[in-house]
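J.: So here's target-v5.csv (CSV, C-alpha atoms).
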```
chain,number,residue,atom,x,y,z
A,205,MET,CA,-192.6,-94.8,-99.7
A,206,GLN,CA,-189.7,-97.1,-100.1
A,207,HIS,CA,-190.2,-100.9,-100.3
A,208,ARG,CA,-188.8,-102.3,-97.1
A,209,ILE,CA,-186.7,-105.5,-97.4
A,210,ILE,CA,-185.4,-107.1,-94.3
A,211,VAL,CA,-182.8,-109.8,-94.5
A,212,LEU,CA,-182.6,-111.9,-91.3
A,213,GLY,CA,-179.1,-113.4,-90.8
A,214,ALA,CA,-175.8,-112.5,-92.3
A,215,GLY,CA,-174.2,-115.9,-92.9
A,216,TYR,CA,-173.2,-116.9,-96.4
A,217,ALA,CA,-176.7,-116.9,-97.8
A,218,GLY,CA,-178.1,-113.8,-96.0
A,219,ALA,CA,-175.1,-111.6,-96.8
A,220,ILE,CA,-175.0,-112.6,-100.4
A,221,ALA,CA,-178.8,-112.0,-100.8
A,222,ALA,CA,-178.5,-108.5,-99.2
A,223,GLY,CA,-175.6,-107.5,-101.4
A,224,ARG,CA,-177.2,-108.8,-104.6
A,225,LEU,CA,-180.5,-107.0,-103.9
A,226,ALA,CA,-178.6,-103.8,-103.3
A,227,LYS,CA,-177.0,-104.2,-106.8
A,228,ARG,CA,-180.2,-105.1,-108.5
A,229,LEU,CA,-182.6,-102.4,-107.1
A,230,HIS,CA,-182.5,-98.6,-107.2
A,231,ARG,CA,-181.7,-97.1,-103.8
A,232,LYS,CA,-184.4,-94.5,-103.9
A,233,ASP,CA,-187.0,-97.3,-104.2
A,234,VAL,CA,-186.0,-99.7,-101.6
A,235,ALA,CA,-184.7,-99.8,-98.0
A,236,ILE,CA,-182.6,-102.9,-97.3
A,237,THR,CA,-181.9,-103.8,-93.7
A,238,LEU,CA,-179.6,-106.7,-92.8
A,239,VAL,CA,-180.2,-107.9,-89.2
A,240,ASN,CA,-177.5,-110.0,-87.6
A,241,ALA,CA,-176.6,-110.7,-83.9
A,242,GLU,CA,-172.8,-110.5,-84.5
A,243,PRO,CA,-170.8,-107.6,-85.9
A,244,ASP,CA,-168.5,-109.8,-88.0
A,245,PHE,CA,-169.2,-112.3,-90.8
A,246,VAL,CA,-168.4,-115.8,-89.6
A,247,GLU,CA,-166.7,-118.2,-92.0
A,248,ARG,CA,-168.6,-121.2,-90.8
A,249,VAL,CA,-166.7,-123.6,-93.1
A,250,ARG,CA,-163.6,-122.8,-91.1
A,251,MET,CA,-164.9,-123.4,-87.5
A,252,HIS,CA,-162.9,-126.6,-87.3
A,253,GLN,CA,-159.7,-124.5,-88.0
A,254,LEU,CA,-160.7,-122.0,-85.3
A,255,ALA,CA,-161.3,-124.8,-82.8
A,256,ALA,CA,-157.9,-126.3,-83.6
A,257,GLY,CA,-156.2,-123.0,-82.6
A,258,GLN,CA,-155.8,-121.1,-85.9
A,259,ASP,CA,-156.5,-117.4,-86.2
A,260,LEU,CA,-159.1,-116.4,-88.7
A,261,GLU,CA,-159.3,-113.0,-90.5
A,262,ALA,CA,-161.8,-110.6,-89.0
A,263,ARG,CA,-164.5,-109.6,-91.5
A,264,PRO,CA,-166.6,-106.7,-90.0
A,265,LEU,CA,-170.0,-106.5,-91.7
A,266,SER,CA,-169.9,-102.8,-91.4
A,267,GLU,CA,-166.9,-102.6,-93.7
A,268,MET,CA,-168.3,-105.3,-96.1
A,269,PHE,CA,-171.5,-103.3,-96.7
A,270,ALA,CA,-170.1,-99.8,-96.5
A,271,GLY,CA,-171.4,-97.8,-99.5
A,272,THR,CA,-173.8,-100.5,-100.7
A,273,GLY,CA,-176.9,-98.9,-99.3
A,274,VAL,CA,-177.6,-101.8,-97.0
A,275,GLU,CA,-178.4,-100.8,-93.4
A,276,LEU,CA,-176.7,-103.1,-90.9
A,277,ARG,CA,-178.7,-103.6,-87.7
A,278,LEU,CA,-176.9,-105.5,-84.9
A,279,ALA,CA,-179.7,-107.3,-83.1
A,280,LYS,CA,-180.9,-110.7,-82.2
A,281,ALA,CA,-184.1,-111.8,-84.0
A,282,THR,CA,-186.6,-113.3,-81.5
A,283,GLY,CA,-189.7,-113.8,-83.6
A,284,VAL,CA,-191.5,-113.2,-86.9
A,285,ASP,CA,-195.2,-112.3,-87.3
A,286,VAL,CA,-196.0,-113.1,-91.0
A,287,ASP,CA,-199.5,-111.8,-90.7
A,288,ARG,CA,-198.5,-108.4,-89.4
A,289,LYS,CA,-195.3,-108.5,-91.5
A,290,THR,CA,-193.0,-107.6,-88.6
A,291,VAL,CA,-189.8,-109.0,-87.1
A,292,ALA,CA,-189.2,-108.9,-83.4
A,293,ILE,CA,-185.6,-108.1,-82.4
A,294,ILE,CA,-183.5,-107.2,-79.3
A,295,ASP,CA,-180.7,-104.7,-79.8
A,296,ALA,CA,-178.6,-102.5,-77.6
A,297,ILE,CA,-181.6,-100.3,-76.8
A,298,GLY,CA,-184.1,-103.1,-76.1
A,299,ALA,CA,-187.0,-105.0,-77.6
A,300,ARG,CA,-188.2,-103.6,-80.9
A,301,GLU,CA,-190.2,-104.4,-84.0
A,302,LEU,CA,-189.2,-103.9,-87.7
A,303,ALA,CA,-191.9,-103.8,-90.3
A,304,TYR,CA,-191.2,-105.3,-93.8
A,305,ASP,CA,-192.8,-105.6,-97.2
A,306,THR,CA,-190.4,-108.4,-98.2
A,307,LEU,CA,-188.6,-110.7,-95.8
A,308,VAL,CA,-185.5,-112.8,-96.6
A,309,TYR,CA,-185.2,-115.4,-93.9
A,310,ALA,CA,-181.6,-116.6,-93.6
A,311,LEU,CA,-181.2,-117.5,-89.9
A,312,GLY,CA,-179.6,-120.8,-90.9
A,313,SER,CA,-178.9,-123.6,-88.4
A,314,GLY,CA,-177.0,-124.7,-85.4
A,315,TRP,CA,-175.8,-127.9,-84.0
A,316,ASN,CA,-178.1,-130.9,-83.5
A,317,THR,CA,-177.9,-133.0,-80.4
A,318,ARG,CA,-180.6,-135.3,-81.8
A,319,GLY,CA,-181.9,-135.7,-78.3
A,320,VAL,CA,-178.9,-137.9,-77.2
A,321,PRO,CA,-178.7,-137.8,-73.4
A,322,GLY,CA,-175.8,-135.8,-72.1
A,323,ALA,CA,-174.8,-134.3,-75.5
A,324,ALA,CA,-175.9,-130.8,-74.7
A,325,GLU,CA,-174.3,-130.9,-71.3
A,326,HIS,CA,-171.0,-132.5,-72.0
A,327,ALA,CA,-170.2,-132.3,-75.8
A,328,TYR,CA,-168.7,-129.4,-77.7
A,329,GLU,CA,-170.0,-128.0,-81.0
A,330,ILE,CA,-168.3,-126.2,-83.9
A,331,ALA,CA,-171.4,-125.0,-85.7
A,332,SER,CA,-170.9,-121.5,-84.3
A,333,ARG,CA,-168.0,-119.2,-83.5
A,334,PRO,CA,-168.7,-119.2,-79.7
A,335,GLY,CA,-168.8,-123.0,-79.8
A,336,ALA,CA,-165.5,-123.3,-81.7
A,337,LEU,CA,-163.8,-120.8,-79.4
A,338,ARG,CA,-165.0,-122.8,-76.4
A,339,LEU,CA,-163.6,-126.0,-77.9
A,340,GLN,CA,-160.3,-124.2,-78.7
A,341,GLU,CA,-159.9,-123.2,-75.1
A,342,ARG,CA,-160.7,-126.7,-73.8
A,343,LEU,CA,-158.3,-128.3,-76.2
A,344,ALA,CA,-155.5,-125.9,-75.1
A,345,ARG,CA,-155.9,-127.3,-71.6
A,346,LEU,CA,-155.6,-130.9,-72.6
A,347,ASP,CA,-152.5,-132.8,-71.6
A,348,ALA,CA,-150.6,-135.1,-74.0
A,349,GLY,CA,-152.2,-138.5,-74.4
A,350,GLN,CA,-155.7,-137.5,-73.6
A,351,THR,CA,-158.5,-138.5,-76.0
A,352,VAL,CA,-160.6,-136.3,-78.2
A,353,LEU,CA,-163.6,-138.1,-79.7
A,354,VAL,CA,-165.4,-136.6,-82.7
A,355,VAL,CA,-168.9,-138.0,-83.0
A,356,GLY,CA,-170.3,-137.9,-86.6
A,357,GLY,CA,-168.8,-139.2,-89.8
A,358,GLY,CA,-170.0,-136.5,-92.2
A,359,LEU,CA,-168.0,-133.7,-93.8
A,360,THR,CA,-167.8,-131.6,-90.6
A,361,GLY,CA,-166.7,-134.6,-88.5
A,362,LEU,CA,-164.0,-135.6,-91.0
A,363,GLU,CA,-162.6,-132.1,-91.1
A,364,ALA,CA,-162.7,-131.7,-87.4
A,365,ALA,CA,-161.0,-134.9,-86.6
A,366,THR,CA,-158.1,-134.4,-89.1
A,367,GLU,CA,-157.6,-130.7,-88.2
A,368,ILE,CA,-157.3,-131.5,-84.5
A,369,ALA,CA,-155.1,-134.5,-85.1
A,370,GLU,CA,-152.7,-132.5,-87.3
A,371,ALA,CA,-152.6,-129.5,-84.9
A,372,ARG,CA,-152.2,-131.7,-81.8
A,373,PRO,CA,-150.3,-134.9,-82.7
A,374,ASP,CA,-149.8,-135.4,-78.9
A,375,LEU,CA,-153.5,-136.1,-78.4
A,376,ASP,CA,-155.3,-139.4,-79.0
A,377,VAL,CA,-157.9,-138.4,-81.6
A,378,ALA,CA,-160.8,-140.7,-82.5
A,379,LEU,CA,-163.9,-140.6,-84.6
A,380,ALA,CA,-167.2,-142.4,-84.1
A,381,ALA,CA,-169.3,-142.8,-87.2
A,382,ARG,CA,-172.9,-144.3,-87.4
A,383,GLY,CA,-171.9,-146.0,-90.7
A,384,GLY,CA,-168.6,-146.9,-92.3
A,385,LEU,CA,-165.9,-144.3,-92.7
A,386,GLY,CA,-166.8,-142.1,-95.7
A,387,ASP,CA,-169.2,-144.7,-96.9
A,388,TRP,CA,-170.9,-142.3,-99.3
A,389,LEU,CA,-167.6,-141.6,-101.1
A,390,SER,CA,-166.3,-143.4,-104.2
A,391,PRO,CA,-163.9,-146.3,-103.6
A,392,LYS,CA,-161.0,-144.0,-104.4
A,393,GLY,CA,-162.3,-141.4,-102.0
A,394,ARG,CA,-162.7,-143.9,-99.2
A,395,GLU,CA,-159.2,-145.3,-99.8
A,396,HIS,CA,-157.6,-141.9,-99.6
A,397,LEU,CA,-159.6,-141.0,-96.5
A,398,ARG,CA,-158.4,-144.1,-94.7
A,399,LYS,CA,-154.8,-143.4,-95.8
A,400,VAL,CA,-154.9,-139.9,-94.3
A,401,PHE,CA,-156.6,-141.1,-91.1
A,402,ASP,CA,-154.0,-143.8,-90.6
A,403,LYS,CA,-151.2,-141.3,-91.3
A,404,LEU,CA,-152.6,-138.9,-88.6
A,405,GLY,CA,-153.1,-141.8,-86.2
A,406,ILE,CA,-156.9,-141.3,-85.9
A,407,THR,CA,-158.8,-144.2,-84.4
A,408,VAL,CA,-162.0,-144.9,-86.2
A,409,HIS,CA,-165.1,-146.5,-84.5
A,410,GLU,CA,-167.3,-147.5,-87.4
A,411,ARG,CA,-171.0,-148.4,-87.1
A,412,ALA,CA,-171.0,-146.9,-83.6
A,413,ALA,CA,-174.2,-145.0,-83.0
A,414,VAL,CA,-173.6,-142.9,-79.9
A,415,THR,CA,-176.6,-143.1,-77.5
A,416,GLY,CA,-175.2,-141.3,-74.4
A,417,VAL,CA,-172.5,-138.7,-73.5
A,418,GLU,CA,-170.8,-138.3,-70.2
A,419,ALA,CA,-168.0,-136.1,-69.1
A,420,ASP,CA,-165.3,-138.7,-69.8
A,421,ARG,CA,-166.9,-141.1,-72.2
A,422,VAL,CA,-169.7,-141.9,-74.6
A,423,THR,CA,-171.8,-145.0,-74.9
A,424,THR,CA,-173.0,-146.7,-78.1
A,425,ALA,CA,-176.1,-148.6,-79.1
A,426,ASP,CA,-174.3,-151.9,-78.5
A,427,GLY,CA,-173.4,-151.0,-75.0
A,428,LYS,CA,-169.7,-150.1,-75.7
A,429,ALA,CA,-168.1,-147.3,-73.8
A,430,ILE,CA,-165.6,-145.1,-75.7
A,431,PRO,CA,-163.3,-142.9,-73.5
A,432,ALA,CA,-163.2,-139.2,-74.3
A,433,ALA,CA,-161.7,-136.4,-72.3
A,434,VAL,CA,-163.4,-134.1,-74.9
A,435,THR,CA,-166.4,-135.0,-77.1
A,436,VAL,CA,-166.9,-133.0,-80.3
A,437,TRP,CA,-170.5,-133.3,-81.6
A,438,THR,CA,-170.9,-133.1,-85.4
A,439,THR,CA,-174.0,-135.2,-86.2
A,440,GLY,CA,-175.7,-132.7,-88.5
A,441,PHE,CA,-177.5,-129.4,-88.1
A,442,ALA,CA,-180.8,-128.2,-86.7
A,443,VAL,CA,-182.5,-125.2,-88.3
A,444,HIS,CA,-183.2,-122.1,-86.3
A,445,PRO,CA,-186.6,-122.6,-84.4
A,446,ILE,CA,-188.2,-119.2,-85.2
A,447,ALA,CA,-189.8,-120.3,-88.5
A,448,LYS,CA,-191.5,-123.3,-87.0
A,449,ALA,CA,-193.2,-121.0,-84.5
A,450,THR,CA,-194.8,-118.9,-87.3
A,451,ALA,CA,-197.7,-119.5,-89.6
A,452,LEU,CA,-195.3,-120.3,-92.4
A,453,GLU,CA,-195.5,-123.7,-94.0
A,454,VAL,CA,-192.5,-125.6,-92.9
A,455,SER,CA,-191.1,-129.1,-93.2
A,456,ASP,CA,-190.9,-131.6,-90.4
A,457,ASN,CA,-187.5,-130.3,-89.5
A,458,GLY,CA,-188.6,-126.6,-89.5
A,459,GLN,CA,-187.3,-125.5,-92.9
A,460,ILE,CA,-189.5,-123.1,-94.8
A,461,VAL,CA,-191.1,-124.7,-97.8
A,462,VAL,CA,-190.3,-122.7,-100.9
A,463,ASP,CA,-190.7,-122.7,-104.7
A,464,GLY,CA,-188.0,-122.5,-107.3
A,465,THR,CA,-187.4,-118.8,-106.6
A,466,MET,CA,-187.0,-119.5,-102.8
A,467,ARG,CA,-190.4,-117.9,-102.2
A,468,SER,CA,-192.5,-119.3,-99.4
A,469,VAL,CA,-195.4,-121.4,-100.8
A,470,SER,CA,-197.7,-120.1,-98.0
A,471,HIS,CA,-196.6,-116.4,-97.6
A,472,PRO,CA,-195.5,-114.7,-100.9
A,473,GLU,CA,-193.8,-111.8,-99.0
A,474,VAL,CA,-191.3,-114.2,-97.4
A,475,TYR,CA,-188.3,-115.8,-99.1
A,476,ALA,CA,-186.0,-118.4,-97.4
A,477,VAL,CA,-182.4,-119.1,-98.3
A,478,GLY,CA,-179.6,-121.4,-97.2
A,479,ASP,CA,-180.2,-123.9,-94.4
A,480,ALA,CA,-183.5,-122.3,-93.5
A,481,ALA,CA,-185.1,-123.3,-96.8
A,482,MET,CA,-186.6,-126.7,-97.9
A,483,VAL,CA,-185.4,-126.6,-101.5
A,484,MET,CA,-185.9,-129.5,-103.9
A,485,GLY,CA,-182.9,-130.0,-106.2
A,486,PRO,CA,-182.1,-132.5,-109.0
A,487,GLY,CA,-183.8,-135.8,-108.7
A,488,ASP,CA,-186.5,-134.2,-106.5
A,489,LYS,CA,-184.1,-134.5,-103.5
A,490,PRO,CA,-183.9,-131.7,-100.9
A,491,LEU,CA,-180.7,-129.7,-101.0
A,492,ARG,CA,-178.3,-130.5,-98.1
A,493,MET,CA,-177.5,-127.9,-95.5
A,494,ALA,CA,-174.2,-126.5,-96.8
A,495,CYS,CA,-172.4,-123.5,-98.1
A,496,ALA,CA,-172.6,-125.1,-101.6
A,497,SER,CA,-176.4,-124.7,-101.3
A,498,GLY,CA,-176.5,-121.4,-99.5
A,499,GLY,CA,-174.9,-119.3,-102.3
A,500,PRO,CA,-177.1,-120.5,-105.2
A,501,THR,CA,-180.3,-120.1,-103.1
A,502,ALA,CA,-179.3,-116.6,-102.2
A,503,TRP,CA,-178.8,-115.7,-105.9
A,504,GLN,CA,-182.1,-117.2,-106.8
A,505,ALA,CA,-184.0,-115.4,-104.1
A,506,ALA,CA,-182.5,-112.0,-104.8
A,507,ASP,CA,-183.1,-112.3,-108.5
A,508,GLY,CA,-186.6,-113.5,-107.9
A,509,ILE,CA,-187.4,-110.5,-105.6
A,510,ALA,CA,-185.9,-108.0,-108.0
A,511,ALA,CA,-187.7,-109.5,-111.0
A,512,ARG,CA,-191.1,-109.4,-109.3
A,513,LEU,CA,-190.6,-105.8,-108.1
A,514,THR,CA,-189.3,-104.5,-111.4
A,515,GLY,CA,-191.4,-106.5,-113.8
A,516,GLY,CA,-188.3,-108.5,-115.0
A,517,LYS,CA,-187.9,-112.1,-116.0
A,518,LEU,CA,-188.0,-114.6,-113.1
A,519,PRO,CA,-184.8,-116.7,-112.7
A,520,ASN,CA,-185.0,-120.3,-113.8
A,521,VAL,CA,-181.5,-121.6,-113.1
A,522,PRO,CA,-181.4,-125.2,-111.8
A,523,ILE,CA,-179.4,-125.6,-108.6
A,524,ARG,CA,-177.0,-128.5,-108.8
A,525,TYR,CA,-173.9,-129.9,-107.2
A,526,PHE,CA,-170.5,-130.5,-108.7
A,527,ASN,CA,-168.3,-131.8,-105.9
A,528,GLN,CA,-167.8,-132.2,-102.2
A,529,CYS,CA,-164.7,-130.4,-100.9
A,530,ILE,CA,-163.2,-131.9,-97.8
A,531,SER,CA,-160.2,-130.5,-96.0
A,532,LEU,CA,-158.1,-133.1,-94.1
A,533,GLY,CA,-155.8,-130.8,-92.2
A,534,ARG,CA,-153.8,-128.0,-93.8
A,535,LYS,CA,-151.7,-130.3,-96.1
A,536,GLU,CA,-154.3,-132.9,-97.3
A,537,GLY,CA,-157.7,-132.7,-98.9
A,538,LEU,CA,-160.3,-134.7,-100.8
A,539,ILE,CA,-162.4,-133.4,-103.7
A,540,GLN,CA,-165.1,-135.9,-104.4
A,541,TYR,CA,-166.8,-135.2,-107.7
A,542,VAL,CA,-170.6,-135.9,-107.7
A,543,THR,CA,-173.6,-136.0,-109.9
A,544,ALA,CA,-176.1,-133.1,-110.0
A,545,ASP,CA,-178.0,-134.7,-107.2
A,546,ASP,CA,-174.9,-135.1,-105.0
A,547,ARG,CA,-174.1,-138.8,-105.6
A,548,ALA,CA,-170.4,-139.7,-105.7
A,549,VAL,CA,-168.8,-140.6,-109.1
A,550,ARG,CA,-165.5,-142.4,-109.6
A,551,SER,CA,-163.4,-139.2,-110.0
A,552,VAL,CA,-161.6,-137.6,-107.1
A,553,LEU,CA,-158.8,-135.2,-106.5
A,554,THR,CA,-156.6,-135.9,-103.5
A,555,GLY,CA,-153.5,-134.7,-101.7
A,556,ARG,CA,-151.9,-131.3,-101.6
A,557,LEU,CA,-153.6,-130.2,-104.8
A,558,ALA,CA,-157.0,-131.0,-103.2
A,559,ALA,CA,-156.1,-129.0,-100.1
A,560,ILE,CA,-155.2,-126.0,-102.3
A,561,TYR,CA,-158.5,-126.5,-104.2
A,562,LYS,CA,-160.5,-126.5,-101.0
A,563,GLU,CA,-158.7,-123.4,-99.7
A,564,LEU,CA,-159.5,-121.5,-102.9
A,565,VAL,CA,-163.1,-122.5,-102.6
A,566,CYS,CA,-163.2,-121.2,-99.0
A,567,LYS,CA,-161.5,-118.0,-99.9
A,568,GLY,CA,-163.7,-117.5,-102.9
A,569,ALA,CA,-166.9,-117.9,-100.8
A,570,ALA,CA,-165.6,-115.4,-98.3
A,571,TRP,CA,-164.6,-113.0,-101.1
A,572,ALA,CA,-168.1,-113.2,-102.6
A,573,VAL,CA,-169.6,-112.3,-99.3
A,574,ALA,CA,-167.1,-109.5,-98.6
A,575,HIS,CA,-167.7,-108.0,-102.0
A,576,PRO,CA,-171.5,-108.4,-102.4
A,577,THR,CA,-172.0,-106.1,-105.3
A,578,VAL,CA,-168.9,-106.8,-107.4
A,579,GLY,CA,-169.4,-108.6,-110.7
A,580,LEU,CA,-173.1,-107.7,-111.3
A,581,PRO,CA,-174.6,-105.3,-113.8
A,582,THR,CA,-174.2,-101.7,-112.7
A,583,ARG,CA,-177.7,-100.7,-113.7
A,584,ARG,CA,-180.1,-100.7,-110.7
A,585,ARG,CA,-183.7,-101.0,-111.8
A,586,HIS,CA,-186.7,-99.1,-110.4
A,587,ILE,CA,-189.5,-101.0,-108.9
A,588,MET,CA,-192.8,-100.9,-110.8
A,589,GLN,CA,-195.0,-99.9,-107.9
A,590,LYS,CA,-194.0,-98.3,-104.6
A,591,ARG,CA,-196.0,-100.0,-101.9
A,592,ALA,CA,-197.0,-97.6,-99.1
A,593,ALA,CA,-196.6,-99.3,-95.7
A,594,ALA,CA,-198.9,-98.4,-92.9
A,595,GLY,CA,-197.4,-97.3,-89.6
A,596,SER,CA,-193.8,-96.8,-88.5
A,597,ALA,CA,-191.1,-99.2,-89.7
A,598,VAL,CA,-189.7,-99.4,-86.2
A,599,LYS,CA,-191.7,-99.7,-83.0
A,600,THR,CA,-190.3,-99.8,-79.4
A,601,LEU,CA,-192.1,-102.4,-77.3
A,602,ALA,CA,-193.3,-101.6,-73.9
```
I need this file expressed as structure tokens, please.

T.:
Amino acid sequence: MQHRIIVLGAGYAGAIAAGRLAKRLHRKDVAITLVNAEPDFVERVRMHQLAAGQDLEARPLSEMFAGTGVELRLAKATGVDVDRKTVAIIDAIGARELAYDTLVYALGSGWNTRGVPGAAEHAYEIASRPGALRLQERLARLDAGQTVLVVGGGLTGLEAATEIAEARPDLDVALAARGGLGDWLSPKGREHLRKVFDKLGITVHERAAVTGVEADRVTTADGKAIPAAVTVWTTGFAVHPIAKATALEVSDNGQIVVDGTMRSVSHPEVYAVGDAAMVMGPGDKPLRMACASGGPTAWQAADGIAARLTGGKLPNVPIRYFNQCISLGRKEGLIQYVTADDRAVRSVLTGRLAAIYKELVCKGAAWAVAHPTVGLPTRRRHIMQKRAAAGSAVKTLA
């Protein structure tokens, strides 16, 4: 009987893992199922562009995985039973279960309100396509002179603020950061960031921890009120809650604790990739939730699964960082070069060249997902032992 591999989630990490597994393993030996709630691949790194009114290229998953041997199942995952080795889903037919021999958990993350009162009710998020489209529609209805406040001074916040300010120069765009503007960047990086913000007319509220959100304003820890016709919330990501509800060993924030091959330390049949995984990188620091982490973890997991099934050599490729790529609108950018453990160094790339660099990185990431089996060895290996699985792979729930 075929070895059943289920990949939950078709974001950057999940899609790359599914494609790489299809290239590594012989089709007669494995059945690879990719479960995703949406029919299209979502370029999450471009959601600030979508929110600002730009059209993004449609990338149907059915076309991306045509001919690869990967079965695409459009369904929403609702639970995982790691003891029974099943995944609960809801699709067009109803509630069902899928049985697996190996599970690649790649459900990723969503926006994180951090429990701030009013954030969920009044703020807009751009961690998802529906959220970005909702913000796009709201921005289109804003009159000139109204204020858009971006809360969060990380990479997503910087990109959202500059993209909106460039697309809508008639609006009063502001950013509220808990610390200083770009305070993790090198001096050259911070200098360029301020230059671009000044040029775009973005008001910066530094050391402004937002403690409450209302329909027309936010309040900060020091009691200050900042007006906002629209509040955009970009204060980090929260991992999908399914893993924390299982018997898997997870971190305090719900990420699955894995070893160097992305294998769960508590359940060896489960691998976690991307934002869903607690991965220790250089300097014994957890990898940040980012596309830059998702791809390498997907490669590591797929190669680890293939090696264990075929008797090959386990991967031992350290995951490290090289730079942080920040788009500052369509004409400006900032490439901050970093150490292996993601600390800024002196060198930066700025201006139009940096914008082109970032665009190439985004296109390259999307291309890698859209061509999941290109560039790998053509020889697919047979698994050493075919594991017979008891029962049906699909069960309809009463």

J.: Quick one: pull the distance between CA of Gly312 in chain A and CA of Ala336 in chain A, Å, one decimal.

T.: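 These atoms are spaced 17.0 Å apart.
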
J.: Between A:Gly218, A:Gly458, A:Gly386, A:Gly322, which has the minimum distance to Val443 in chain A (counting all atoms listed in the file)?

T.: A:Gly458

J.: Any idea what's packed within 12 Å of Gly358 in chain A, counting all atoms listed in the file, ignoring anything in its chain fewer than 5 positions away? Could you give it as a ChimeraX atom specification?

T.: /A:363-365,379-389,437-441,492-494,528-530

J.: Nearest to Ile368 in chain A: which of A:Leu538, A:Ala255, A:Leu491, A:Val286 is it, counting only C-alpha atoms?

T.: A:Ala255

J.: Nearest to Ala425 in chain A among A:Val320, A:Pro391, A:Leu518, A:Arg372, with distances taken over only C-alpha atoms: which residue is it?

T.: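 Checking each of A:Val320, A:Pro391, A:Leu518, A:Arg372 against Ala425 in chain A, counting only C-alpha atoms, the winner is A:Val320.
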
J.: Got a sec: who's within 12 Å of Ile294 in chain A, counting all atoms listed in the file, leaving out chain neighbours fewer than 4 positions off, as a list in words?

T.: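 Final neighbour list, sorted by chain and number: Val239, Asn240, Ala241, Arg277, Leu278, Ala279, Lys280, Ala281, Thr282, Gly283, Gly298, Ala299, Arg300, Glu301, Leu302, Lys599, Thr600 and Leu601 of chain A.
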
J.: Excluding range 434-436 of chain A and its own-chain neighbours fewer than 6 positions away, which residues fall within 6 Å of it when counting only C-alpha atoms? Please give them as a short mmCIF file (atom, residue, chain, number, x, y, z; two decimals) with C-alpha atoms, in the coordinates of the input.

T.:
```cif
data_model
loop_
_atom_site.label_atom_id
_atom_site.label_comp_id
_atom_site.auth_asym_id
_atom_site.auth_seq_id
_atom_site.Cartn_x
_atom_site.Cartn_y
_atom_site.Cartn_z
CA ALA A 327 -170.20 -132.30 -75.80
CA TYR A 328 -168.70 -129.40 -77.70
CA GLU A 329 -170.00 -128.00 -81.00
CA VAL A 352 -160.60 -136.30 -78.20
CA LEU A 353 -163.60 -138.10 -79.70
CA VAL A 354 -165.40 -136.60 -82.70
#
```

J.: Do you have the CA of Val246 in chain A-CA of Leu339 in chain A distance handy?

T.: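 Distance reported for this atom pair: 16.2 Å.
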
J.: So which one's closest to Ala371 in chain A, A:Leu276, A:Val414, A:Arg338, A:Ala256? Using all atoms listed in the file, please.

T.: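 For Ala371 in chain A, the nearest of the given residues is A:Ala256.
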
J.: Residues near range 562-578 of chain A, anyone? I mean within 8 Å using all atoms listed in the file, not counting same-chain ones fewer than 2 positions away, as a PyMOL selection string.

T.: chain A and resi 216+219-220+222-224+226-227+247+249+263+268-269+272+529-531+537+539+558-560+580

J.: Using Å and a single decimal, report how far CA of Met251 in chain A sits from CA of Ile236 in chain A.

T.: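 If I compute the distance from CA of Ile236 in chain A to CA of Met251 in chain A, I get 28.8 Å.
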
J.: Please determine, counting only C-alpha atoms, which residue among A:Arg584, A:Ile430, A:Leu238, A:Ala292 has the shortest atom-to-atom distance to Thr407 in chain A.

T.: A:Ile430

J.: A:Val308, A:Ala214, A:Ala221, A:Val552: which is nearest Gly393 in chain A, counting only C-alpha atoms?

T.: A:Val552

J.: Find the spatial neighbours of Tyr541 in chain A, counting all atoms listed in the file, within a cut-off of 7 Å - ignore same-chain residues fewer than 4 positions away - and output them as a ChimeraX atom specification.

T.: /A:526-528,548-549,551-552

J.: Complete the atom set of range 437-445 of chain A to N, CA and C atoms and return it as a JSON list (two decimals), keeping the file's coordinate frame.

T.:
```json
[["chain", "number", "residue", "atom", "x", "y", "z"],
["A", 437, "TRP", "N", -169.22, -132.82, -81.04],
["A", 437, "TRP", "CA", -170.50, -133.30, -81.60],
["A", 437, "TRP", "C", -170.71, -132.71, -82.99],
["A", 438, "THR", "N", -170.72, -133.56, -84.03],
["A", 438, "THR", "CA", -170.90, -133.10, -85.40],
["A", 438, "THR", "C", -171.87, -133.92, -86.18],
["A", 439, "THR", "N", -173.01, -134.22, -85.57],
["A", 439, "THR", "CA", -174.00, -135.20, -86.20],
["A", 439, "THR", "C", -175.03, -134.48, -87.03],
["A", 440, "GLY", "N", -174.72, -133.36, -87.61],
["A", 440, "GLY", "CA", -175.70, -132.70, -88.50],
["A", 440, "GLY", "C", -176.15, -131.37, -87.85],
["A", 441, "PHE", "N", -177.08, -130.71, -88.54],
["A", 441, "PHE", "CA", -177.50, -129.40, -88.10],
["A", 441, "PHE", "C", -179.02, -129.36, -87.87],
["A", 442, "ALA", "N", -179.43, -128.47, -86.98],
["A", 442, "ALA", "CA", -180.80, -128.20, -86.70],
["A", 442, "ALA", "C", -181.15, -126.78, -87.06],
["A", 443, "VAL", "N", -182.21, -126.57, -87.81],
["A", 443, "VAL", "CA", -182.50, -125.20, -88.30],
["A", 443, "VAL", "C", -182.99, -124.35, -87.11],
["A", 444, "HIS", "N", -182.83, -123.04, -87.28],
["A", 444, "HIS", "CA", -183.20, -122.10, -86.30],
["A", 444, "HIS", "C", -184.75, -122.26, -85.99],
["A", 445, "PRO", "N", -185.17, -122.22, -84.73],
["A", 445, "PRO", "CA", -186.60, -122.60, -84.40],
["A", 445, "PRO", "C", -187.61, -121.50, -84.70]]
```
